[in-house]
Amino acid sequence: MKKIAILGSTGSIGRQTLEVIDENRCAEVVALSVYSNIDLAEVQIRKYKPEIAAVMMEEKAGELKTRVADTNTKVVSGVSGIIECATCEKADMVVTAVVGIAGLIPTIAAIEKGKTIALANKETLVAGGSLVMPLAKEKGVKILPVDSEHSAIFQSCGGDSSKIKKILLTASGGPFFGKKKDEIYNMTPPQALKHPNWNMGTKVTIDSSTLMNKGLEVIEASHLFDVMAENIQVVVQPQSIIHSMVEYEDNSVIAQLSVPDMKLPISYALTYPERFYCGTKEIDFYELANITFAKPDTETFPCLEFAYEAGRLGGTMPAVMNGSNEVAVERFLEGKIKYGNIAEIIHETMTRHENVKNPTLFDILEADMWARRVAAEVI
Ligand code: MG
């Protein structure tokens, strides 16, 4: 049985990872980390009995420590605590399900220790893919995608992307598909959080509505599969049944299909190369009747174009795009800016950035912090 560490165990992917384990008993949890939700962390500690649990917020860690003093779980805190989980001696695999750039350093630490990565944190590759992928190669570490599209690409090419001509990355279009720019400018957080098909965390749901999620996924896919961004074509597929496709030299296209359920890509990453049932329903093709396709509307959703631009420029630009997006989404959810401001903030921050080519980890982290400062005050 695989022994896993879950970073971000109380978030949407973390909780579904535990549901998959409940369903098919494919792994044992030896470490988990949370940001601040110690109530759920306590429940998880009592149920899964990990050796170690980390809480990002120092002040909450002390309380959790007291609460679980009767168990054998060691409670640690802060970034160093999360790194301790990511590098936990017993773990063979680390599921990186934290949100945002916070996943970058623990992921690098886990790769350094030779842990297989089940990657659910796309921001890590967006900001630091130029460091993470060569490091994984050097250490002989597998990075297995948990993102549904990337899992689909991985499954469609049988894990070997070297002969792919093109990736067809599918997008649901989000809750505002078919609407025009001025119709969505003043949309509210509850409207943007209403995703038609997927049940996900708030950050990724907002990113889905702006198509920034698809933009981040273009960059993520370019790193994971070593395909240039210009050879990744986004195709809107509103039913979210086709999760992505690959096209070969002879124009043959291979796709992966399933009902939209994150448990499937999570389970596949946990059990690869085996397949275990994880509770996902069969597609009822008679009921489904049709699958439709469309071109993304980049006039209304310019974030997708920003990502292609950041991917083309490389260097620190993807980190800047990501950092400014994280701040803009946070400000939108707090009701401080309009929905339409999200794209404006990202565009303005990217325009002001002096790109650093071939960045070090320090350059990337500094660019991220710079982007956050600018994005917090630009509008
Ligand atoms: Mg996805």
# chains A, B, ... in the order shown; residues from 1 in each chain; ligands from 1
$ residues_around --residues "Gln44 (chain A)" --least-positions-apart "6" --cutoff "9 Å" --atoms "only C-alpha atoms" --output "JSON, numbers by chain"
{"A": [9, 10, 18, 32, 50]}
$ write_last_selection --atoms "C-alpha atoms" --output "mmCIF file, in the first residue's frame"
data_model
loop_
_atom_site.group_PDB
_atom_site.id
_atom_site.type_symbol
_atom_site.label_atom_id
_atom_site.label_comp_id
_atom_site.auth_asym_id
_atom_site.auth_seq_id
_atom_site.Cartn_x
_atom_site.Cartn_y
_atom_site.Cartn_z
ATOM 1 C CA SER A 9 -5.896 17.969 3.438
ATOM 2 C CA THR A 10 -8.891 20.116 4.420
ATOM 3 C CA LEU A 18 -9.360 11.081 1.589
ATOM 4 C CA LEU A 32 -1.072 15.849 6.392
ATOM 5 C CA PRO A 50 -0.825 10.222 10.497
#
$ closest_atom_pairs --of "region 144-171 of chain A" --to "region 248-272 of chain A" --cutoff "7 Å" --atoms "only C-alpha atoms" --output "Markdown table"
| residue | atom | partner | partner_atom | distance |
| --- | --- | --- | --- | --- |
| A:Leu144 | CA | A:Ala269 | CA | 5.6 |
| A:Pro145 | CA | A:Ala269 | CA | 6.6 |
| A:Val146 | CA | A:Pro265 | CA | 5.3 |
| A:Asp147 | CA | A:Pro265 | CA | 6.9 |
| A:Ser148 | CA | A:Pro265 | CA | 5.6 |
| A:Ser151 | CA | A:Pro265 | CA | 5.8 |
| A:Ala152 | CA | A:Gln256 | CA | 5.2 |
| A:Gln155 | CA | A:Gln256 | CA | 6.8 |
| A:Ser156 | CA | A:Ala255 | CA | 5.6 |
| A:Lys163 | CA | A:Tyr248 | CA | 6.8 |
| A:Ile164 | CA | A:Tyr248 | CA | 5.0 |
| A:Lys165 | CA | A:Tyr248 | CA | 4.8 |
| A:Lys166 | CA | A:Tyr248 | CA | 6.7 |
$ residues_around --residues "Lys2 (chain A)" --least-positions-apart "4" --cutoff "8 Å" --atoms "only C-alpha atoms" --output "list of chain:residue names"
A:Cys26, A:Ala27, A:Glu28, A:Ala91, A:Asp92, A:Met93, A:Leu270
$ residues_around --residues "Glu217 (chain A)" --least-positions-apart "6" --cutoff "12 Å" --atoms "only C-alpha atoms" --output "ChimeraX atom specification"
/A:120-127,129,145-151,153,167-171,204,207-208,211,223-225,229,232-234,244,303-304,307-308,311,318,322
$ atom_distance --atom1 "CA of Lys74 (chain A)" --atom2 "CA of Thr87 (chain A)"
14.4 Å
$ atom_distance --atom1 "CA of Val374 (chain A)" --atom2 "CA of Thr349 (chain A)"
6.2 Å
$ atom_distance --atom1 "CA of Tyr339 (chain A)" --atom2 "CA of Ala192 (chain A)"
8.5 Å
$ residues_around --residues "Pro134 (chain A)" --least-positions-apart "3" --cutoff "12 Å" --atoms "only C-alpha atoms" --output "PyMOL selection string"
chain A and resi 108+111-112+125+128-131+137-143+223-224+226
$ write_last_selection --atoms "C-alpha atoms" --output "PDB file, in the first residue's frame"
ATOM      1  CA  ILE A 108      10.672  21.257  -4.389  1.00  0.00           C
ATOM      2  CA  ILE A 111      11.257  16.202  -5.066  1.00  0.00           C
ATOM      3  CA  GLU A 112      14.691  16.686  -3.468  1.00  0.00           C
ATOM      4  CA  LEU A 125       4.392  24.633 -12.227  1.00  0.00           C
ATOM      5  CA  GLY A 128       8.342  27.485 -10.957  1.00  0.00           C
ATOM      6  CA  GLY A 129       8.024  24.927 -13.773  1.00  0.00           C
ATOM      7  CA  SER A 130      11.401  25.923 -15.220  1.00  0.00           C
ATOM      8  CA  LEU A 131      13.020  24.781 -11.946  1.00  0.00           C
ATOM      9  CA  LYS A 137      14.170  14.711 -14.029  1.00  0.00           C
ATOM     10  CA  GLU A 138      17.491  14.894 -12.200  1.00  0.00           C
ATOM     11  CA  LYS A 139      16.057  13.099  -9.152  1.00  0.00           C
ATOM     12  CA  GLY A 140      14.143  10.555 -11.237  1.00  0.00           C
ATOM     13  CA  VAL A 141      10.875  11.708  -9.652  1.00  0.00           C
ATOM     14  CA  LYS A 142       7.501  11.149 -11.335  1.00  0.00           C
ATOM     15  CA  ILE A 143       5.040  14.029 -11.355  1.00  0.00           C
ATOM     16  CA  HIS A 223       5.817  22.062 -18.475  1.00  0.00           C
ATOM     17  CA  LEU A 224       4.337  18.668 -17.639  1.00  0.00           C
ATOM     18  CA  ASP A 226       7.129  19.448 -22.685  1.00  0.00           C
TER      19      ASP A 226
END
$ residues_around --residues "Gly11 (chain A)" --least-positions-apart "2" --cutoff "9 Å" --atoms "only C-alpha atoms" --output "list in words"
Gly8, Ser9, Ile13, Gly14, Arg15, Gln16, Val34, Tyr35, Ala97, Val98, Val99 and Gly201 of chain A
$ closest_residue --among "A:Gln239, A:Thr298, A:Ser172, A:Thr292" --to "ligand 1" --atoms "only C-alpha atoms and all ligand atoms"
A:Ser172
$ select_by_dssp --residues "region 177-334 of chain A" --states "alpha helix (DSSP H)" --output "MDAnalysis selection string"
chainID A and resid 181:184 189:192 202:210 212:225 263:271 285:288 303:313 317:333
$ select_by_dssp --residues "region 196-357 of chain A" --states "strand (DSSP E)" --output "PyMOL selection string"
chain A and resi 232-236+242-248+253-257
$ residues_around --residues "Cys278 (chain A)" --least-positions-apart "2" --cutoff "9 Å" --atoms "only C-alpha atoms" --output "ChimeraX atom specification"
/A:19-24,263-264,267,276,280
$ write_last_selection --atoms "C-alpha atoms" --output "CSV table (one decimal), in the first residue's frame"
chain,number,residue,atom,x,y,z
A,19,GLU,CA,-12.7,10.0,0.2
A,20,VAL,CA,-10.9,8.1,-2.6
A,21,ILE,CA,-8.8,6.4,0.1
A,22,ASP,CA,-12.0,5.5,2.0
A,23,GLU,CA,-13.5,4.1,-1.1
A,24,ASN,CA,-10.6,1.9,-2.5
A,263,LYS,CA,-12.1,11.6,-7.6
A,264,LEU,CA,-11.2,9.9,-10.9
A,267,SER,CA,-7.6,8.0,-7.8
A,276,PHE,CA,-9.3,1.3,-9.0
A,280,THR,CA,-17.3,7.8,-10.2
$ closest_residue --among "A:Arg331, A:Lys115, A:Arg372, A:Arg275" --to "Ala319 (chain A)" --atoms "only C-alpha atoms"
A:Arg372
$ closest_residue --among "A:Ile4, A:Leu119, A:Ala86, A:Ala367" --to "ligand 1" --atoms "only C-alpha atoms and all ligand atoms"
A:Leu119
$ closest_residue --among "A:Asn325, A:Phe176, A:Ile241, A:Cys88" --to "Gly114 (chain A)" --atoms "only C-alpha atoms"
A:Cys88
$ closest_residue --among "A:Gly215, A:Pro296, A:Gly340, A:Gly323" --to "Ala102 (chain A)" --atoms "only C-alpha atoms"
A:Gly323
$ closest_residue --among "A:Glu344, A:Glu247, A:Glu220, A:Glu230" --to "ligand 1" --atoms "only C-alpha atoms and all ligand atoms"
A:Glu220
